[in-house]
$ cat structure.txt   # compact mmCIF, C-alpha atoms (C1' of nucleotides)
# COMPACT_ATOMS: atom_id res chain seq x y z
CA MET A 1 181.78 52.40 56.18
CA GLN A 2 181.00 53.52 52.72
CA LYS A 3 183.21 51.97 50.15
CA TYR A 4 186.64 53.06 51.13
CA ARG A 5 186.97 54.86 47.86
CA ASP A 6 185.84 57.83 49.90
CA MET A 7 187.24 61.16 49.08
CA GLY A 8 189.68 63.27 50.96
CA ILE A 9 191.20 60.59 53.12
CA LYS A 10 194.51 59.02 52.37
CA LEU A 11 194.17 55.27 52.21
CA THR A 12 196.86 53.33 54.01
CA PRO A 13 196.98 49.63 54.85
CA GLN A 14 196.55 50.43 58.53
CA ARG A 15 193.47 52.51 57.87
CA LEU A 16 192.03 49.87 55.61
CA ALA A 17 192.48 47.30 58.34
CA ILE A 18 190.72 49.52 60.84
CA LEU A 19 187.92 50.31 58.39
CA GLU A 20 187.45 46.63 57.65
CA TYR A 21 187.38 45.77 61.31
CA LEU A 22 184.74 48.40 61.97
CA GLU A 23 182.60 47.64 58.95
CA GLY A 24 179.35 46.24 60.24
CA ASN A 25 180.86 45.72 63.68
CA GLU A 26 178.15 45.78 66.34
CA ASP A 27 180.37 45.13 69.34
CA HIS A 28 181.07 48.75 70.18
CA PRO A 29 184.81 48.15 70.51
CA SER A 30 187.22 50.27 72.51
CA ALA A 31 190.43 51.68 71.07
CA ASP A 32 192.25 48.86 72.77
CA ASP A 33 189.99 46.22 71.24
CA ILE A 34 190.73 47.64 67.83
CA TYR A 35 194.44 47.94 68.47
CA THR A 36 194.72 44.40 69.76
CA GLU A 37 192.88 42.97 66.80
CA ILE A 38 194.64 44.95 64.10
CA LYS A 39 198.01 44.26 65.66
CA LYS A 40 197.65 40.63 64.67
CA LYS A 41 197.91 41.62 61.03
CA PHE A 42 200.19 44.62 61.55
CA PRO A 43 202.58 43.97 64.40
CA MET A 44 204.07 47.40 63.84
CA MET A 45 200.75 49.12 64.41
CA SER A 46 200.93 51.94 66.90
CA PHE A 47 198.26 53.03 69.32
CA ALA A 48 198.62 56.55 68.05
CA THR A 49 197.51 55.39 64.62
CA VAL A 50 194.37 53.85 66.04
CA TYR A 51 193.47 57.01 67.90
CA ASN A 52 194.36 59.20 64.94
CA THR A 53 192.24 57.15 62.59
CA LEU A 54 189.30 57.09 64.96
CA GLU A 55 189.58 60.84 65.33
CA THR A 56 189.61 61.28 61.57
CA LEU A 57 186.58 59.07 61.11
CA LYS A 58 184.73 60.86 63.87
CA LYS A 59 185.41 64.22 62.25
CA ARG A 60 184.12 62.93 58.94
CA GLY A 61 180.99 61.72 60.66
CA ASP A 62 181.63 58.08 59.88
CA LEU A 63 182.01 57.00 63.46
CA VAL A 64 180.36 57.80 66.76
CA GLU A 65 182.11 57.87 70.07
CA LEU A 66 180.07 56.41 72.92
CA THR A 67 180.30 57.75 76.46
CA ILE A 68 178.65 54.86 78.19
CA ASP A 69 181.51 53.18 79.96
CA PRO A 70 183.38 55.34 82.47
CA GLU A 71 186.48 53.20 82.02
CA ARG A 72 187.09 53.76 78.36
CA ARG A 73 185.52 55.10 75.20
CA HIS A 74 183.72 52.83 72.79
CA TYR A 75 183.17 53.35 69.10
CA ASP A 76 180.17 52.69 66.94
CA PRO A 77 180.41 52.64 63.13
CA ASP A 78 176.64 52.77 62.89
CA THR A 79 176.01 56.48 62.57
CA ARG A 80 172.27 56.27 62.28
CA HIS A 81 170.39 57.65 65.23
CA HIS A 82 169.80 54.83 67.65
CA HIS A 83 169.91 53.93 71.34
CA HIS A 84 171.67 51.41 73.53
CA LEU A 85 170.90 48.65 75.95
CA ILE A 86 173.67 47.96 78.45
CA CYS A 87 174.12 44.93 80.66
CA ARG A 88 175.02 45.99 84.19
CA LYS A 89 176.96 42.81 84.75
CA CYS A 90 178.94 42.01 81.63
CA LYS A 91 178.82 45.55 80.22
CA LYS A 92 177.78 44.30 76.81
CA ILE A 93 176.23 47.02 74.66
CA LEU A 94 173.36 46.28 72.29
CA ASP A 95 171.77 48.53 69.70
CA ILE A 96 168.15 49.59 69.89
CA HIS A 97 166.84 50.84 66.58
CA ARG A 98 163.55 52.38 67.40
CA ASP A 99 162.25 55.87 67.46
CA PHE A 100 160.93 57.10 70.74
CA SER A 101 159.33 60.45 70.33
CA ILE A 102 160.44 62.27 73.41
CA GLU A 103 160.12 65.99 73.71
CA ILE A 104 161.03 68.17 76.60
CA PRO A 105 158.06 70.37 77.46
CA GLU A 106 158.55 74.04 76.71
CA ASP A 107 158.52 75.15 80.31
CA GLN A 108 161.57 73.07 81.13
CA LYS A 109 163.41 73.55 77.90
CA GLY A 110 163.17 77.31 77.75
CA THR A 111 165.32 78.55 74.90
CA PHE A 112 167.69 75.62 75.06
CA GLU A 113 168.03 74.38 71.51
CA VAL A 114 167.68 70.62 71.66
CA LEU A 115 169.50 68.94 68.81
CA GLY A 116 169.12 65.30 69.70
CA ASN A 117 168.97 62.67 72.37
CA HIS A 118 170.35 59.30 73.29
CA ILE A 119 168.72 56.77 75.56
CA GLU A 120 170.65 54.27 77.62
CA PHE A 121 168.59 51.37 78.81
CA TYR A 122 170.28 49.27 81.43
CA GLY A 123 169.57 45.95 83.00
CA ILE A 124 170.65 42.34 82.90
CA CYS A 125 171.26 40.48 79.68
CA PRO A 126 169.88 37.00 79.12
CA SER A 127 173.18 35.19 79.50
CA CYS A 128 174.07 36.99 82.72
CA LYS A 129 170.63 36.33 84.12
CA MET A 130 171.08 32.66 83.48
CA LYS A 131 174.44 32.53 85.25
CA GLY A 132 173.75 34.76 88.23
CA GLU A 133 171.20 33.90 90.86
CA MET B 1 171.73 64.45 101.56
CA GLN B 2 169.47 63.36 104.35
CA LYS B 3 170.35 64.82 107.66
CA TYR B 4 173.87 63.70 108.20
CA ARG B 5 172.77 61.89 111.30
CA ASP B 6 172.62 58.93 108.95
CA MET B 7 173.54 55.57 110.29
CA GLY B 8 176.55 53.46 109.63
CA ILE B 9 178.87 56.11 108.34
CA LYS B 10 181.52 57.69 110.45
CA LEU B 11 181.18 61.44 110.41
CA THR B 12 184.37 63.39 109.95
CA PRO B 13 184.86 67.08 109.23
CA GLN B 14 186.06 66.26 105.73
CA ARG B 15 182.98 64.22 105.00
CA LEU B 16 180.74 66.86 106.43
CA ALA B 17 182.33 69.43 104.17
CA ILE B 18 181.78 67.21 101.15
CA LEU B 19 178.20 66.46 102.18
CA GLU B 20 177.52 70.12 102.65
CA TYR B 21 179.01 70.97 99.30
CA LEU B 22 176.88 68.36 97.59
CA GLU B 23 173.65 69.17 99.42
CA GLY B 24 171.29 70.56 96.85
CA ASN B 25 174.11 71.06 94.38
CA GLU B 26 172.78 70.99 90.83
CA ASP B 27 176.06 71.62 89.05
CA HIS B 28 177.03 67.97 88.60
CA PRO B 29 180.56 68.56 89.87
CA SER B 30 183.56 66.41 89.09
CA ALA B 31 185.86 64.99 91.76
CA ASP B 32 188.25 67.79 90.99
CA ASP B 33 185.57 70.46 91.41
CA ILE B 34 184.77 69.05 94.82
CA TYR B 35 188.41 68.72 95.80
CA THR B 36 189.24 72.27 94.75
CA GLU B 37 186.33 73.72 96.65
CA ILE B 38 186.76 71.74 99.85
CA LYS B 39 190.48 72.40 99.86
CA LYS B 40 189.77 76.03 100.59
CA LYS B 41 188.47 75.07 104.01
CA PHE B 42 190.70 72.05 104.51
CA PRO B 43 194.08 72.66 102.94
CA MET B 44 195.18 69.23 104.08
CA MET B 45 192.39 67.54 102.15
CA SER B 46 193.58 64.69 99.99
CA PHE B 47 192.19 63.61 96.67
CA ALA B 48 191.93 60.08 97.98
CA THR B 49 189.49 61.28 100.61
CA VAL B 50 187.27 62.83 97.99
CA TYR B 51 187.20 59.67 95.93
CA ASN B 52 186.73 57.49 98.99
CA THR B 53 183.84 59.55 100.22
CA LEU B 54 182.19 59.63 96.82
CA GLU B 55 182.56 55.88 96.59
CA THR B 56 180.99 55.44 100.01
CA LEU B 57 178.07 57.68 99.16
CA LYS B 58 177.57 55.89 95.88
CA LYS B 59 177.45 52.53 97.63
CA ARG B 60 174.89 53.86 100.09
CA GLY B 61 172.79 55.07 97.20
CA ASP B 62 173.09 58.72 98.17
CA LEU B 63 174.96 59.77 95.09
CA VAL B 64 174.85 58.97 91.40
CA GLU B 65 177.85 58.87 89.14
CA LEU B 66 177.22 60.32 85.69
CA THR B 67 178.92 58.95 82.61
CA ILE B 68 178.19 61.83 80.33
CA ASP B 69 181.55 63.49 79.92
CA PRO B 70 184.27 61.33 78.41
CA GLU B 71 186.91 63.43 80.15
CA ARG B 72 185.89 62.86 83.73
CA ARG B 73 183.12 61.56 85.94
CA HIS B 74 180.50 63.86 87.35
CA TYR B 75 178.44 63.38 90.46
CA ASP B 76 174.80 64.07 91.15
CA PRO B 77 173.42 64.14 94.70
CA ASP B 78 169.90 64.03 93.31
CA THR B 79 169.15 60.34 93.37
CA ARG B 80 165.64 60.58 92.04
CA HIS B 81 165.19 59.17 88.57
CA HIS B 82 165.71 61.97 86.11
CA HIS B 83 167.37 62.84 82.83
CA HIS B 84 169.92 65.35 81.58
CA LEU B 85 170.27 68.11 79.07
CA ILE B 86 173.84 68.78 77.97
CA CYS B 87 175.21 71.80 76.16
CA ARG B 88 177.51 70.73 73.37
CA LYS B 89 179.52 73.91 73.68
CA CYS B 90 180.01 74.70 77.34
CA LYS B 91 179.27 71.16 78.55
CA LYS B 92 176.90 72.43 81.20
CA ILE B 93 174.56 69.71 82.48
CA LEU B 94 170.97 70.48 83.42
CA ASP B 95 168.41 68.26 85.09
CA ILE B 96 165.20 67.20 83.40
CA HIS B 97 162.61 65.98 85.83
CA ARG B 98 159.95 64.46 83.70
CA ASP B 99 158.79 60.95 83.12
CA PHE B 100 158.96 59.72 79.58
CA SER B 101 157.33 56.37 79.26
CA ILE B 102 159.63 54.55 76.95
CA GLU B 103 159.44 50.84 76.53
CA ILE B 104 161.48 48.64 74.30
CA PRO B 105 159.13 46.47 72.27
CA GLU B 106 159.26 42.79 73.15
CA ASP B 107 160.73 41.69 69.86
CA GLN B 108 163.86 43.74 70.42
CA LYS B 109 164.16 43.24 74.12
CA GLY B 110 163.85 39.48 74.14
CA THR B 111 164.58 38.22 77.65
CA PHE B 112 166.82 41.14 78.50
CA GLU B 113 165.63 42.39 81.87
CA VAL B 114 165.41 46.16 81.57
CA LEU B 115 165.86 47.84 84.94
CA GLY B 116 165.91 51.47 83.95
CA ASN B 117 166.91 54.10 81.49
CA HIS B 118 168.57 57.45 81.24
CA ILE B 119 168.07 59.99 78.50
CA GLU B 120 170.70 62.49 77.45
CA PHE B 121 169.37 65.40 75.49
CA TYR B 122 172.02 67.48 73.85
CA GLY B 123 172.06 70.81 72.12
CA ILE B 124 173.03 74.40 72.68
CA CYS B 125 172.23 76.27 75.85
CA PRO B 126 170.77 79.77 75.77
CA SER B 127 173.92 81.56 76.83
CA CYS B 128 176.09 79.74 74.29
CA LYS B 129 173.55 80.41 71.57
CA MET B 130 173.70 84.08 72.34
CA LYS B 131 177.48 84.21 72.17
CA GLY B 132 178.12 81.99 69.19
CA GLU B 133 176.84 82.78 65.74
C1' DC C 1 185.45 60.57 130.84
C1' DA C 2 189.40 57.31 129.20
C1' DC C 3 190.11 53.54 126.20
C1' DC C 4 189.87 50.70 122.12
C1' DT C 5 188.87 49.28 117.71
C1' DT C 6 187.75 50.23 113.27
C1' DG C 7 187.76 52.77 109.71
C1' DA C 8 189.23 57.41 107.74
C1' DC C 9 193.02 60.44 106.58
C1' DA C 10 197.09 62.33 103.90
C1' DA C 11 200.77 61.86 100.74
C1' DG C 12 202.47 60.03 97.23
C1' DA C 13 203.17 56.15 94.12
C1' DA C 14 200.96 53.27 90.61
C1' DT C 15 197.88 52.45 86.85
C1' DG C 16 195.83 53.01 82.56
C1' DA C 17 193.49 55.56 78.90
C1' DT C 18 194.39 59.12 75.84
C1' DT C 19 197.20 62.74 73.74
C1' DC C 20 201.39 64.70 72.16
C1' DT C 21 206.12 64.86 69.92
C1' DG C 22 209.67 64.36 66.57
C1' DG C 23 211.60 62.16 63.13
C1' DT C 24 210.71 58.95 59.14
C1' DA C 25 207.99 56.82 55.53
C1' DT C 26 204.46 56.67 52.05
C1' DG C 27 199.88 57.72 49.38
C1' DA C 28 198.14 60.80 45.92
C1' DT C 29 198.91 63.78 42.28
C1' DA C 30 201.18 65.87 38.28
C1' DT D 1 208.94 59.17 39.11
C1' DA D 2 209.47 63.49 42.04
C1' DT D 3 207.04 66.22 45.32
C1' DC D 4 204.66 67.21 49.27
C1' DA D 5 201.30 66.85 52.48
C1' DT D 6 200.09 63.80 55.60
C1' DA D 7 200.19 59.28 58.08
C1' DC D 8 203.10 56.26 60.67
C1' DC D 9 205.73 54.57 64.74
C1' DA D 10 207.87 54.70 69.26
C1' DG D 11 207.95 56.47 73.21
C1' DA D 12 207.21 60.27 76.34
C1' DA D 13 203.76 63.17 78.58
C1' DT D 14 199.36 64.05 80.68
C1' DC D 15 195.71 63.42 83.60
C1' DA D 16 191.86 61.06 86.00
C1' DT D 17 191.40 57.53 89.10
C1' DT D 18 192.98 53.85 92.21
C1' DC D 19 196.05 51.82 95.45
C1' DT D 20 199.37 51.63 99.43
C1' DT D 21 201.07 52.58 103.84
C1' DG D 22 201.66 54.42 108.08
C1' DT D 23 199.10 57.51 111.24
C1' DC D 24 195.19 59.30 113.57
C1' DA D 25 190.67 60.16 115.22
C1' DA D 26 185.33 59.10 115.51
C1' DG D 27 182.14 56.68 118.08
C1' DG D 28 180.92 53.01 121.03
C1' DT D 29 181.82 50.90 125.51
C1' DG D 30 182.77 50.49 130.44

$ encode --input "structure.txt" --output "structure tokens"
Amino acid sequence: MQKYRDMGIKLTPQRLAILEYLEGNEDHPSADDIYTEIKKKFPMMSFATVYNTLETLKKRGDLVELTIDPERRHYDPDTRHHHHLICRKCKKILDIHRDFSIEIPEDQKGTFEVLGNHIEFYGICPSCKMKGE
Amino acid sequence: MQKYRDMGIKLTPQRLAILEYLEGNEDHPSADDIYTEIKKKFPMMSFATVYNTLETLKKRGDLVELTIDPERRHYDPDTRHHHHLICRKCKKILDIHRDFSIEIPEDQKGTFEVLGNHIEFYGICPSCKMKGE
DNA sequence: CACCTTGACAAGAATGATTCTGGTATGATA
DNA sequence: TATCATACCAGAATCATTCTTGTCAAGGTG
């Protein structure tokens, strides 16, 4: 996240902790991951605060919500356009920074205004491949 | 779905109703959509039956679960490999049948075994564009 | 066709992620 | 430092999905 000196958002210790946790984080944590971690430092932390903060960051465009796991939402502080590689076994999510120029041909797109895209690659990660048969 | 004469699955009126509803359906319904519709014919229908049947079909490979909407799961009886176009406003989901040859370059993929991919295009559908400014 | 076994059904309880509520506390600003 | 908007916490509420249990019926067999 940009230096927390941001503008327009009230800085509280809880928010700072969340911002710090997210900064450079490439694990695509869930709200629960964040809550559990932050709670170590702030035992009074409430789940509502985590969700509220995530919502605020999302609205400001400093956080992206991923809809990859049907069980729970994951969050990605990397707001640059990129794609994901997901392990079918351990569910780990990896970033793919690469531009694939994909365009829907006119005849299928019609007047649908395409604003963007997101590719999910799925398969088996190295460590799972080693374990499993 | 292939002619219900399938093998290995016990045919019940409830299942037939669900199969019929799904046959050729391109609306990507949620469990609730299916439940609500089938309930008209079978007022005794239980939600558990819908979920059980969907699970069974999924296991047999006759149904694909879509993780596109963070609110609820959607189901697609079209099991051919294809992609989706999602309207940011009305959340409508459209099919894109087109092969995009996308490959992750070796240096990023490493020994990750990529089995497939799914592209989500998002934007504004024609009817929403017309309504909104 | 009658019987039997297995698996499907309904109803409702349980679970778990996310959202909401209401009252209190605290940054940011003057 | 006083003010005020806004964030915080705790817990309740919501809602999709899963689980449980007792009952029943589909499909195969004789």

$ closest_atom_pairs --input "structure.txt" --of "chain C" --to "chain B" --cutoff "10 Å" --atoms "all atoms listed in the file" --output "tab-separated table"
residue	atom	partner	partner_atom	distance
C:DG7	C1'	B:Lys10	CA	8.0
C:DA8	C1'	B:Thr12	CA	8.0
C:DC9	C1'	B:Thr49	CA	7.0
C:DA10	C1'	B:Ser46	CA	5.8
C:DA11	C1'	B:Ser46	CA	7.8
C:DT18	C1'	B:Glu71	CA	9.6

$ atom_distance --input "structure.txt" --atom1 "atom C1' of DG16 of chain C" --atom2 "atom CA of Ile68 of chain A"
17.8 Å

$ atom_distance --input "structure.txt" --atom1 "atom CA of Ile93 of chain B" --atom2 "atom CA of Asp27 of chain B"
7.0 Å

$ closest_residue --input "structure.txt" --among "B:Arg73, B:Lys91, B:Lys39, B:Lys58" --to "chain A" --atoms "all atoms listed in the file"
B:Arg73

$ atom_distance --input "structure.txt" --atom1 "atom CA of Leu57 of chain B" --atom2 "atom CA of Gly132 of chain A"
25.8 Å

$ residues_around --input "structure.txt" --residues "DA30 of chain C" --least-positions-apart "6" --cutoff "12 Å" --atoms "only C-alpha atoms (C1' of nucleotides)" --output "PyMOL selection string"
chain D and resi 1-4

$ closest_residue --input "structure.txt" --among "D:DT17, D:DG22, D:DG30, D:DC8" --to "chain B" --atoms "only C-alpha atoms (C1' of nucleotides)"
D:DT17

$ interface_residues --input "structure.txt" --of "chain D" --to "chain B" --cutoff "9 Å" --atoms "only C-alpha atoms (C1' of nucleotides)" --output "short mmCIF file (atom, residue, chain, number, x, y, z; two decimals) with C-alpha atoms (C1' of nucleotides), keeping the file's coordinate frame"
data_model
loop_
_atom_site.label_atom_id
_atom_site.label_comp_id
_atom_site.auth_asym_id
_atom_site.auth_seq_id
_atom_site.Cartn_x
_atom_site.Cartn_y
_atom_site.Cartn_z
"C1'" DA D 16 191.86 61.06 86.00
"C1'" DT D 17 191.40 57.53 89.10
"C1'" DT D 18 192.98 53.85 92.21
"C1'" DA D 25 190.67 60.16 115.22
"C1'" DA D 26 185.33 59.10 115.51
"C1'" DG D 27 182.14 56.68 118.08
#

$ residues_around --input "structure.txt" --residues "His97 of chain B" --least-positions-apart "4" --cutoff "8 Å" --atoms "only C-alpha atoms (C1' of nucleotides)" --output "list in words"
His81, His82 and His83 of chain B

$ interface_residues --input "structure.txt" --of "chain A" --to "chain B" --cutoff "12 Å" --atoms "all atoms listed in the file" --output "number ranges by chain"
A: 65-74, 83-89, 92-130

$ write_last_selection --input "structure.txt" --atoms "C-alpha atoms" --output "mmCIF file, in the frame of the given file"
data_model
loop_
_atom_site.group_PDB
_atom_site.id
_atom_site.type_symbol
_atom_site.label_atom_id
_atom_site.label_comp_id
_atom_site.auth_asym_id
_atom_site.auth_seq_id
_atom_site.Cartn_x
_atom_site.Cartn_y
_atom_site.Cartn_z
ATOM 1 C CA GLU A 65 182.110 57.870 70.070
ATOM 2 C CA LEU A 66 180.070 56.410 72.920
ATOM 3 C CA THR A 67 180.300 57.750 76.460
ATOM 4 C CA ILE A 68 178.650 54.860 78.190
ATOM 5 C CA ASP A 69 181.510 53.180 79.960
ATOM 6 C CA PRO A 70 183.380 55.340 82.470
ATOM 7 C CA GLU A 71 186.480 53.200 82.020
ATOM 8 C CA ARG A 72 187.090 53.760 78.360
ATOM 9 C CA ARG A 73 185.520 55.100 75.200
ATOM 10 C CA HIS A 74 183.720 52.830 72.790
ATOM 11 C CA HIS A 83 169.910 53.930 71.340
ATOM 12 C CA HIS A 84 171.670 51.410 73.530
ATOM 13 C CA LEU A 85 170.900 48.650 75.950
ATOM 14 C CA ILE A 86 173.670 47.960 78.450
ATOM 15 C CA CYS A 87 174.120 44.930 80.660
ATOM 16 C CA ARG A 88 175.020 45.990 84.190
ATOM 17 C CA LYS A 89 176.960 42.810 84.750
ATOM 18 C CA LYS A 92 177.780 44.300 76.810
ATOM 19 C CA ILE A 93 176.230 47.020 74.660
ATOM 20 C CA LEU A 94 173.360 46.280 72.290
ATOM 21 C CA ASP A 95 171.770 48.530 69.700
ATOM 22 C CA ILE A 96 168.150 49.590 69.890
ATOM 23 C CA HIS A 97 166.840 50.840 66.580
ATOM 24 C CA ARG A 98 163.550 52.380 67.400
ATOM 25 C CA ASP A 99 162.250 55.870 67.460
ATOM 26 C CA PHE A 100 160.930 57.100 70.740
ATOM 27 C CA SER A 101 159.330 60.450 70.330
ATOM 28 C CA ILE A 102 160.440 62.270 73.410
ATOM 29 C CA GLU A 103 160.120 65.990 73.710
ATOM 30 C CA ILE A 104 161.030 68.170 76.600
ATOM 31 C CA PRO A 105 158.060 70.370 77.460
ATOM 32 C CA GLU A 106 158.550 74.040 76.710
ATOM 33 C CA ASP A 107 158.520 75.150 80.310
ATOM 34 C CA GLN A 108 161.570 73.070 81.130
ATOM 35 C CA LYS A 109 163.410 73.550 77.900
ATOM 36 C CA GLY A 110 163.170 77.310 77.750
ATOM 37 C CA THR A 111 165.320 78.550 74.900
ATOM 38 C CA PHE A 112 167.690 75.620 75.060
ATOM 39 C CA GLU A 113 168.030 74.380 71.510
ATOM 40 C CA VAL A 114 167.680 70.620 71.660
ATOM 41 C CA LEU A 115 169.500 68.940 68.810
ATOM 42 C CA GLY A 116 169.120 65.300 69.700
ATOM 43 C CA ASN A 117 168.970 62.670 72.370
ATOM 44 C CA HIS A 118 170.350 59.300 73.290
ATOM 45 C CA ILE A 119 168.720 56.770 75.560
ATOM 46 C CA GLU A 120 170.650 54.270 77.620
ATOM 47 C CA PHE A 121 168.590 51.370 78.810
ATOM 48 C CA TYR A 122 170.280 49.270 81.430
ATOM 49 C CA GLY A 123 169.570 45.950 83.000
ATOM 50 C CA ILE A 124 170.650 42.340 82.900
ATOM 51 C CA CYS A 125 171.260 40.480 79.680
ATOM 52 C CA PRO A 126 169.880 37.000 79.120
ATOM 53 C CA SER A 127 173.180 35.190 79.500
ATOM 54 C CA CYS A 128 174.070 36.990 82.720
ATOM 55 C CA LYS A 129 170.630 36.330 84.120
ATOM 56 C CA MET A 130 171.080 32.660 83.480
#

$ residues_near_point --input "structure.txt" --point "(195.9, 44.2, 61.1)" --cutoff "9 Å" --atoms "only C-alpha atoms (C1' of nucleotides)" --output "number ranges by chain"
A: 13-14, 16-18, 21, 35-43, 45

$ residues_around --input "structure.txt" --residues "DC19 of chain D" --least-positions-apart "5" --cutoff "9 Å" --atoms "only C-alpha atoms (C1' of nucleotides)" --output "ChimeraX atom specification"
/C:13-15

$ closest_atom_pairs --input "structure.txt" --of "segment 2-29 of chain C" --to "segment 10-13 of chain D" --cutoff "12 Å" --atoms "only C-alpha atoms (C1' of nucleotides)" --output "CSV"
residue,atom,partner,partner_atom,distance
C:DT18,C1',D:DA13,C1',10.6
C:DT19,C1',D:DA13,C1',8.2
C:DC20,C1',D:DA13,C1',7.0
C:DT21,C1',D:DA12,C1',8.0
C:DG22,C1',D:DA10,C1',10.2
C:DG23,C1',D:DA10,C1',10.4
C:DT24,C1',D:DA10,C1',11.3
